[in-house]
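Heads up, protein_33.cif below (mmCIF, C-alpha atoms):
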data_upload
loop_
_atom_site.label_atom_id
_atom_site.label_comp_id
_atom_site.auth_asym_id
_atom_site.auth_seq_id
_atom_site.Cartn_x
_atom_site.Cartn_y
_atom_site.Cartn_z
CA MET A 1 17.48 -5.47 -8.29
CA PRO A 2 19.48 -6.86 -5.31
CA ARG A 3 18.37 -10.02 -3.51
CA LEU A 4 17.18 -8.24 -0.35
CA THR A 5 15.04 -5.88 -2.43
CA VAL A 6 13.42 -8.87 -4.13
CA TRP A 7 12.57 -10.37 -0.73
CA MET A 8 11.34 -7.08 0.72
CA VAL A 9 9.19 -6.15 -2.29
CA ARG A 10 7.69 -9.62 -2.65
CA THR A 11 6.91 -9.78 1.06
CA ALA A 12 5.40 -6.30 0.80
CA LEU A 13 3.19 -7.51 -2.08
CA LEU A 14 2.00 -10.43 0.05
CA HIS A 15 1.17 -8.01 2.87
CA LEU A 16 -0.72 -5.87 0.34
CA LEU A 17 -2.87 -8.85 -0.63
CA LEU A 18 -3.51 -9.83 2.99
CA GLY A 19 -4.26 -6.23 3.99
CA PHE A 20 -6.60 -5.66 1.04
CA THR A 21 -8.40 -8.93 1.86
CA ALA A 22 -8.89 -7.85 5.48
CA GLY A 23 -10.03 -4.42 4.28
CA ALA A 24 -12.47 -5.91 1.78
CA LEU A 25 -14.02 -8.09 4.50
CA LEU A 26 -14.33 -5.09 6.83
CA LEU A 27 -15.98 -2.95 4.14
CA ALA A 28 -18.26 -5.70 2.87
CA GLN A 29 -19.38 -6.42 6.43
CA ARG A 30 -20.80 -2.91 6.66
CA GLY A 31 -23.22 -3.58 3.81
CA MET A 32 -23.79 -7.29 4.25
CA PRO A 33 -23.15 -8.97 7.63
CA LEU A 34 -20.72 -11.85 7.07
CA HIS A 35 -19.32 -12.87 10.47
CA PRO A 36 -19.32 -11.22 13.91
CA ALA A 37 -15.53 -11.65 14.27
CA ILE A 38 -14.69 -9.60 11.17
CA PRO A 39 -14.44 -6.21 12.97
CA ARG A 40 -11.50 -7.67 14.91
CA LEU A 41 -9.51 -7.55 11.65
CA ARG A 42 -9.29 -3.74 11.79
CA PRO A 43 -5.91 -3.47 13.61
CA ALA A 44 -4.46 -6.22 11.39
CA HIS A 45 -5.71 -4.36 8.29
CA ALA A 46 -3.89 -1.20 9.36
CA GLU A 47 -0.71 -3.03 10.45
CA LEU A 48 -0.44 -5.04 7.24
CA LEU A 49 -0.95 -2.07 4.94
CA LEU A 50 0.86 0.72 6.76
CA ILE A 51 3.91 -1.21 7.93
CA GLY A 52 3.94 -4.50 6.03
CA TRP A 53 3.14 -2.95 2.64
CA THR A 54 4.06 0.74 2.56
CA VAL A 55 7.05 0.86 4.93
CA GLN A 56 8.52 -2.41 3.69
CA LEU A 57 8.18 -1.39 0.03
CA ALA A 58 9.96 1.89 0.80
CA MET A 59 12.76 0.03 2.59
CA GLY A 60 13.18 -2.42 -0.29
CA VAL A 61 13.34 0.30 -2.92
CA ALA A 62 15.65 2.44 -0.77
CA PHE A 63 18.05 -0.50 -0.36
CA TRP A 64 18.07 -0.80 -4.16
CA ILE A 65 18.50 2.83 -5.22
CA LEU A 66 20.35 4.70 -2.46
CA PRO A 67 23.89 5.73 -3.52
CA ARG A 68 26.45 2.93 -3.41
CA PHE A 69 30.11 2.84 -2.35
CA ARG A 70 32.92 2.62 -4.89
CA PRO A 71 35.54 0.63 -2.92
CA GLY A 72 34.41 -2.43 -0.95
CA PRO A 73 30.89 -3.92 -0.81
CA GLU A 74 28.79 -1.59 -2.97
CA ARG A 75 25.88 -1.42 -0.52
CA GLY A 76 28.01 -1.44 2.63
CA ASP A 77 27.14 -3.72 5.53
CA GLU A 78 23.95 -5.51 4.46
CA ARG A 79 23.43 -7.38 7.74
CA PRO A 80 21.40 -4.66 9.50
CA ALA A 81 19.12 -4.40 6.45
CA TRP A 82 18.51 -8.16 6.47
CA ALA A 83 17.84 -7.94 10.22
CA ALA A 84 15.33 -5.17 9.48
CA TRP A 85 13.51 -7.43 7.01
CA VAL A 86 13.26 -10.27 9.53
CA LEU A 87 12.25 -8.02 12.46
CA LEU A 88 9.72 -6.04 10.43
CA ASN A 89 7.90 -9.13 9.21
CA LEU A 90 7.97 -10.88 12.58
CA GLY A 91 6.63 -7.66 14.09
CA VAL A 92 3.82 -7.17 11.59
CA LEU A 93 2.70 -10.79 11.81
CA THR A 94 2.87 -10.85 15.62
CA ALA A 95 0.87 -7.64 15.95
CA ALA A 96 -1.64 -8.54 13.22
CA VAL A 97 -2.29 -12.11 14.33
CA GLY A 98 -2.20 -11.14 18.01
CA ALA A 99 -4.82 -8.47 17.49
CA ALA A 100 -7.09 -10.40 15.12
CA ALA A 101 -6.97 -13.88 16.63
CA PHE A 102 -6.34 -13.28 20.32
CA ASP A 103 -7.28 -9.63 20.89
CA SER A 104 -3.92 -9.48 22.68
CA GLY A 105 -2.50 -6.12 23.70
CA THR A 106 0.75 -7.85 24.67
CA ALA A 107 1.18 -9.27 21.16
CA ILE A 108 0.67 -5.81 19.68
CA VAL A 109 3.32 -4.31 22.00
CA VAL A 110 5.78 -7.12 21.19
CA GLY A 111 5.09 -6.84 17.46
CA ARG A 112 5.45 -3.07 17.39
CA SER A 113 8.68 -3.30 19.41
CA ALA A 114 10.08 -5.60 16.73
CA GLU A 115 8.96 -3.10 14.09
CA ALA A 116 10.74 -0.28 15.96
CA LEU A 117 13.93 -2.39 16.14
CA ALA A 118 13.57 -3.00 12.39
CA ALA A 119 13.46 0.75 11.83
CA VAL A 120 16.63 1.19 13.91
CA ALA A 121 18.41 -1.59 12.01
CA PHE A 122 17.39 -0.18 8.64
CA ALA A 123 18.46 3.33 9.60
CA ARG A 124 21.79 1.87 10.75
CA HIS A 125 22.27 0.41 7.26
CA ALA A 126 20.97 3.35 5.24
CA TRP A 127 22.52 6.25 7.15
CA PRO A 128 26.00 6.14 5.51
CA ARG A 129 24.41 5.68 2.06
CA VAL A 130 22.60 9.02 2.32
CA LYS A 131 25.39 10.84 0.50
CA PRO A 132 26.23 12.21 -2.96
CA PHE A 133 26.49 9.62 -5.74
CA GLY A 134 29.95 8.22 -6.45
CA MET B 1 6.28 7.60 -18.67
CA PRO B 2 3.78 5.02 -20.01
CA PRO B 3 0.12 6.04 -20.48
CA LEU B 4 -1.11 3.83 -17.61
CA THR B 5 1.33 5.50 -15.20
CA ARG B 6 0.08 8.92 -16.29
CA TRP B 7 -3.49 7.88 -15.51
CA PHE B 8 -2.50 6.44 -12.14
CA VAL B 9 -0.49 9.50 -11.12
CA LYS B 10 -3.05 12.08 -12.33
CA PHE B 11 -5.88 10.27 -10.54
CA ALA B 12 -3.65 10.05 -7.44
CA LEU B 13 -3.14 13.82 -7.52
CA VAL B 14 -6.89 14.41 -7.83
CA TYR B 15 -7.53 12.17 -4.81
CA LEU B 16 -4.85 13.98 -2.83
CA VAL B 17 -6.51 17.34 -3.47
CA ALA B 18 -9.98 15.90 -2.77
CA ALA B 19 -8.86 14.29 0.49
CA LEU B 20 -7.22 17.43 1.81
CA LEU B 21 -10.22 19.59 0.85
CA LEU B 22 -12.44 17.11 2.66
CA ALA B 23 -10.16 17.37 5.70
CA VAL B 24 -10.69 21.14 5.70
CA ALA B 25 -14.46 20.72 5.34
CA MET B 26 -14.62 18.23 8.23
CA GLN B 27 -12.99 20.75 10.57
CA TRP B 28 -14.78 23.87 9.28
CA PRO B 29 -16.64 25.51 12.19
CA GLY B 30 -20.29 24.41 12.20
CA ALA B 31 -19.94 22.37 9.00
CA THR B 32 -21.08 19.09 10.53
CA ILE B 33 -24.31 20.73 11.71
CA ARG B 34 -25.15 22.10 8.27
CA VAL B 35 -23.88 19.00 6.37
CA PRO B 36 -24.41 15.94 8.60
CA TRP B 37 -22.47 13.51 6.42
CA LEU B 38 -19.27 15.45 7.16
CA ALA B 39 -19.50 14.05 10.71
CA VAL B 40 -19.22 10.44 9.48
CA VAL B 41 -16.80 10.82 6.62
CA TRP B 42 -13.51 10.19 8.51
CA PRO B 43 -12.97 6.61 7.15
CA THR B 44 -13.73 7.83 3.64
CA TYR B 45 -11.19 10.65 4.01
CA LEU B 46 -8.57 8.21 5.28
CA HIS B 47 -9.08 5.86 2.34
CA LEU B 48 -9.05 8.69 -0.19
CA LEU B 49 -5.61 9.50 1.16
CA VAL B 50 -4.08 6.03 1.57
CA VAL B 51 -5.77 4.21 -1.32
CA GLY B 52 -6.58 7.02 -3.75
CA TRP B 53 -3.34 8.91 -3.32
CA LEU B 54 -0.62 6.76 -1.77
CA THR B 55 -1.42 3.28 -3.08
CA GLN B 56 -2.37 4.55 -6.53
CA LEU B 57 0.86 6.57 -6.80
CA ILE B 58 2.87 3.47 -5.84
CA PHE B 59 0.99 1.34 -8.39
CA GLY B 60 1.69 3.85 -11.16
CA VAL B 61 5.37 4.39 -10.39
CA ALA B 62 6.06 0.67 -9.85
CA PHE B 63 4.43 -0.14 -13.22
CA TRP B 64 6.76 2.42 -14.80
CA LEU B 65 10.10 1.85 -13.05
CA PHE B 66 10.36 -1.78 -11.96
CA PRO B 67 12.65 -4.09 -13.99
CA ARG B 68 11.35 -5.11 -17.39
CA HIS B 69 9.32 -8.29 -17.69
CA SER B 70 10.83 -9.23 -21.09
CA ALA B 71 11.93 -7.62 -24.34
CA ALA B 72 8.63 -8.45 -25.99
CA ARG B 73 6.50 -7.41 -23.01
CA PRO B 74 8.54 -4.89 -20.99
CA ARG B 75 5.81 -4.02 -18.51
CA GLY B 76 4.20 -7.43 -18.31
CA TYR B 77 0.54 -7.93 -19.18
CA GLU B 78 -0.64 -4.34 -19.51
CA TRP B 79 -4.29 -5.38 -19.44
CA LEU B 80 -3.74 -6.48 -15.85
CA GLY B 81 -2.43 -3.00 -15.05
CA TRP B 82 -5.45 -1.35 -16.70
CA THR B 83 -7.78 -3.75 -14.89
CA SER B 84 -6.16 -2.75 -11.63
CA PHE B 85 -6.54 0.95 -12.42
CA VAL B 86 -10.22 0.71 -13.37
CA LEU B 87 -11.21 -1.55 -10.45
CA LEU B 88 -9.31 0.49 -7.87
CA ASN B 89 -10.97 3.72 -8.93
CA VAL B 90 -14.46 2.34 -9.45
CA GLY B 91 -14.22 0.61 -6.07
CA LEU B 92 -13.02 3.73 -4.32
CA LEU B 93 -15.61 6.02 -5.92
CA VAL B 94 -18.42 3.63 -5.00
CA ARG B 95 -17.09 3.66 -1.45
CA VAL B 96 -17.02 7.46 -1.38
CA LEU B 97 -20.69 7.54 -2.42
CA ALA B 98 -21.99 4.64 -0.35
CA GLU B 99 -20.04 4.76 2.92
CA PRO B 100 -21.35 8.06 4.35
CA ARG B 101 -24.91 7.06 3.42
CA ALA B 102 -24.50 3.73 5.19
CA ALA B 103 -23.05 5.49 8.25
CA LEU B 104 -26.13 7.72 8.36
CA GLY B 105 -28.40 4.66 8.36
CA HIS B 106 -29.39 4.45 4.69
CA HIS B 107 -29.22 0.88 3.44
CA GLY B 108 -26.96 0.85 0.40
CA GLY B 109 -27.69 -2.71 -0.71
CA LEU B 110 -24.64 -4.37 -2.18
CA LEU B 111 -22.75 -1.17 -2.97
CA LEU B 112 -20.18 -1.56 -0.18
CA PRO B 113 -19.57 -5.29 -0.82
CA CYS B 114 -19.16 -4.49 -4.54
CA SER B 115 -16.70 -1.71 -3.69
CA ALA B 116 -14.79 -4.11 -1.45
CA ALA B 117 -14.62 -6.78 -4.16
CA ALA B 118 -13.48 -4.27 -6.80
CA GLN B 119 -10.63 -2.93 -4.66
CA LEU B 120 -9.50 -6.44 -3.66
CA LEU B 121 -9.45 -7.55 -7.30
CA ALA B 122 -7.50 -4.40 -8.19
CA GLY B 123 -4.83 -5.45 -5.69
CA VAL B 124 -4.77 -9.01 -7.07
CA ALA B 125 -4.39 -7.75 -10.66
CA PHE B 126 -1.58 -5.38 -9.66
CA VAL B 127 0.34 -8.08 -7.77
CA ALA B 128 -0.16 -10.63 -10.56
CA ASN B 129 1.39 -8.24 -13.09
CA LEU B 130 4.23 -6.94 -10.91
CA TRP B 131 5.33 -10.21 -9.28
CA PRO B 132 7.37 -11.57 -12.25
CA ARG B 133 9.13 -8.18 -12.57
CA VAL B 134 10.47 -8.39 -9.00
CA ARG B 135 13.61 -10.42 -9.55
CA GLU B 136 17.38 -10.30 -9.32
CA ARG B 137 19.34 -9.21 -12.37
#

Encoded form using structure tokens:
Amino acid sequence: MPRLTVWMVRTALLHLLLGFTAGALLLAQRGMPLHPAIPRLRPAHAELLLIGWTVQLAMGVAFWILPRFRPGPERGDERPAWAAWVLLNLGVLTAAVGAAAFDSGTAIVVGRSAEALAAVAFARHAWPRVKPFG
Amino acid sequence: MPPLTRWFVKFALVYLVAALLLAVAMQWPGATIRVPWLAVVWPTYLHLLVVGWLTQLIFGVAFWLFPRHSAARPRGYEWLGWTSFVLLNVGLLVRVLAEPRAALGHHGGLLLPCSAAAQLLAGVAFVANLWPRVRER
């Protein structure tokens, strides 16, 4: 498992735990009122699980298993994939914290813009690796 | 494919079918008038799809295909994997039963908090077992 995959998968697992915790609080609140601010976790719950967990896990595994190149660096230029990891996590945290703590539409737009840039960077890395093995 | 993965994947397939049938029922003309709980079942449908199908499929395949923990214990502490499987499904099924009732104003007691705790613990058990297997060669 390459280093970037380790970072992406472990970060995805942390997002899974955070997202499940937010989801558990939201669900529990519906049967047993805990705190009036808990409903504000809903956008963070979705952001953490859809992007931070699912998308990031898919990126990490794709970086690991997509076909490699024979001559030169076996996974090609890794820099856009690392940039995707940084941008994706900055984006998820900005959007999640901005929505939950500050109810900030601006933070959500900034965070989701970073996520979109992460998608572009990851596609830039992965595109040439979508090819036959060998 | 290890037995735990087979259970995860087969349950995931059942949830996928159930979620998509529920999606049809929710949109069936006049269905929400005849069956009122179909009008409040959207969050349940969504979680059948993303927890029951997607997350459970990921859990099962990751348990199967991620790098081995060790020669003696290739898939880590399997009891943690089984704990995750049982808690995830019990939690989700309790949610399926209790959530529409709560949305229609019936007090479900501690059913929803118990469902929440079960699903959270399922996630913790899964991460605890998988974490040591996520490493460089």

>> Once the PyMOL selection byres ((chain B) within 6 of (chain A)) has been evaluated on this model, what residues remain selected, and can you format them as a list of chain:residue names?
In response: B:Leu112, B:Pro113, B:Ala116, B:Leu120, B:Val134, B:Arg135, B:Glu136, B:Arg137

> Residues picked by the PyMOL selection byres ((chain A and resi 82) around 12) here, as a PyMOL selection string?
Replying inline: chain A and resi 2-8+56+59-60+63+77-81+83-89+118-119+121-126

> What residues come out when you apply the PyMOL selection byres ((chain B and resi 94-111) around 12) to this file, written as number ranges by chain?
Replying inline: A: 24, 27-33; B: 15, 18-19, 22, 35-49, 51-52, 87-93, 112-119

>> Report, in Å to a single decimal, how far apart atom CA of Gly81 of chain B and atom CA of Val127 of chain B are.
In response: 9.3 Å

>> Quick check, in Å to one decimal: how far apart do atom CA of Val9 of chain B and atom CA of Trp79 of chain B lie?
In response: 17.5 Å

If I wrap all listed atoms of segment 49-53 of chain B in a box with edges along x, y and z and add 6 Å on each side, what are its centre and edge lengths in Å to one decimal, as JSON?
{"center_x": -5.0, "center_y": 6.9, "center_z": -1.1, "size_x": 15.2, "size_y": 17.3, "size_z": 17.3}

> Which is closer to Leu54 of chain B than all the others in A:Val55, A:Ile38, A:Ala44, A:Ile65, using all atoms listed in the file?
Replying inline: A:Val55

>> From (29.6, 0.8, -2.3), in the file's coordinates, out to 12 Å: which residues are reached, counting all atoms listed in the file? Answer as JSON, numbers by chain.
In response: {"A": [63, 64, 65, 66, 67, 68, 69, 70, 71, 72, 73, 74, 75, 76, 77, 78, 126, 128, 129, 130, 131, 132, 133, 134]}

>> For a test of reading the model, state the distance in Å between atom CA of His45 of chain A and atom CA of Ala101 of chain A, rounded to one decimal.
In response: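 Spanning atom CA of His45 of chain A to atom CA of Ala101 of chain A is a straight-line distance of 12.7 Å.
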
Residues near His69 of chain B, anyone? I mean within 12 Å using all atoms listed in the file, not counting same-chain ones fewer than 5 positions away, as a tab-separated table (two decimals) with C-alpha atoms, keeping the file's coordinate frame.
chain	number	residue	atom	x	y	z
B	63	PHE	CA	4.43	-0.14	-13.22
B	64	TRP	CA	6.76	2.42	-14.80
B	74	PRO	CA	8.54	-4.89	-20.99
B	75	ARG	CA	5.81	-4.02	-18.51
B	76	GLY	CA	4.20	-7.43	-18.31
B	77	TYR	CA	0.54	-7.93	-19.18
B	78	GLU	CA	-0.64	-4.34	-19.51
B	129	ASN	CA	1.39	-8.24	-13.09
B	130	LEU	CA	4.23	-6.94	-10.91
B	131	TRP	CA	5.33	-10.21	-9.28
B	132	PRO	CA	7.37	-11.57	-12.25
B	133	ARG	CA	9.13	-8.18	-12.57
B	134	VAL	CA	10.47	-8.39	-9.00
B	135	ARG	CA	13.61	-10.42	-9.55
B	136	GLU	CA	17.38	-10.30	-9.32
B	137	ARG	CA	19.34	-9.21	-12.37

Contacts of Met1 of chain B within 9 Å, only C-alpha atoms, excl. fewer than 2 positions in-chain, as an mmCIF file with C-alpha atoms, in the coordinates of the input:
data_model
loop_
_atom_site.group_PDB
_atom_site.id
_atom_site.type_symbol
_atom_site.label_atom_id
_atom_site.label_comp_id
_atom_site.auth_asym_id
_atom_site.auth_seq_id
_atom_site.Cartn_x
_atom_site.Cartn_y
_atom_site.Cartn_z
ATOM 1 C CA PRO B 3 0.120 6.040 -20.480
ATOM 2 C CA LEU B 4 -1.110 3.830 -17.610
ATOM 3 C CA THR B 5 1.330 5.500 -15.200
ATOM 4 C CA ARG B 6 0.080 8.920 -16.290
ATOM 5 C CA VAL B 61 5.370 4.390 -10.390
ATOM 6 C CA TRP B 64 6.760 2.420 -14.800
ATOM 7 C CA LEU B 65 10.100 1.850 -13.050
#

> Smallest atom-to-atom distance to Trp7 of chain B: which of B:Ala122, B:Leu21, B:Leu57, B:Ala71, using only C-alpha atoms?
Replying inline: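 Among B:Ala122, B:Leu21, B:Leu57, B:Ala71, it is B:Leu57 that comes nearest to Trp7 of chain B.
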
> Closest to Gln56 of chain B among B:Ala25, B:Ala128, B:Leu121, B:Phe85, using only C-alpha atoms?
Replying inline: B:Phe85

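Neighbouring residues of Val97 of chain A at 12 Å or closer, counting only C-alpha atoms and skipping chain neighbours under 6 positions away, are Leu18, Ala22, Arg40, Leu41, Arg42, Pro43, Ala44, His45, Glu47, Leu48, Asn89, Leu90, Gly91, Asp103, Ser104, Gly105, Thr106, Ala107, Ile108, Val110 and Gly111 of chain A.
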
>> For a quick check of understanding, using only C-alpha atoms, which of A:Trp127, A:Pro39, A:Phe102, A:Arg112 has the smallest distance to Gly52 of chain A?
In response: A:Arg112
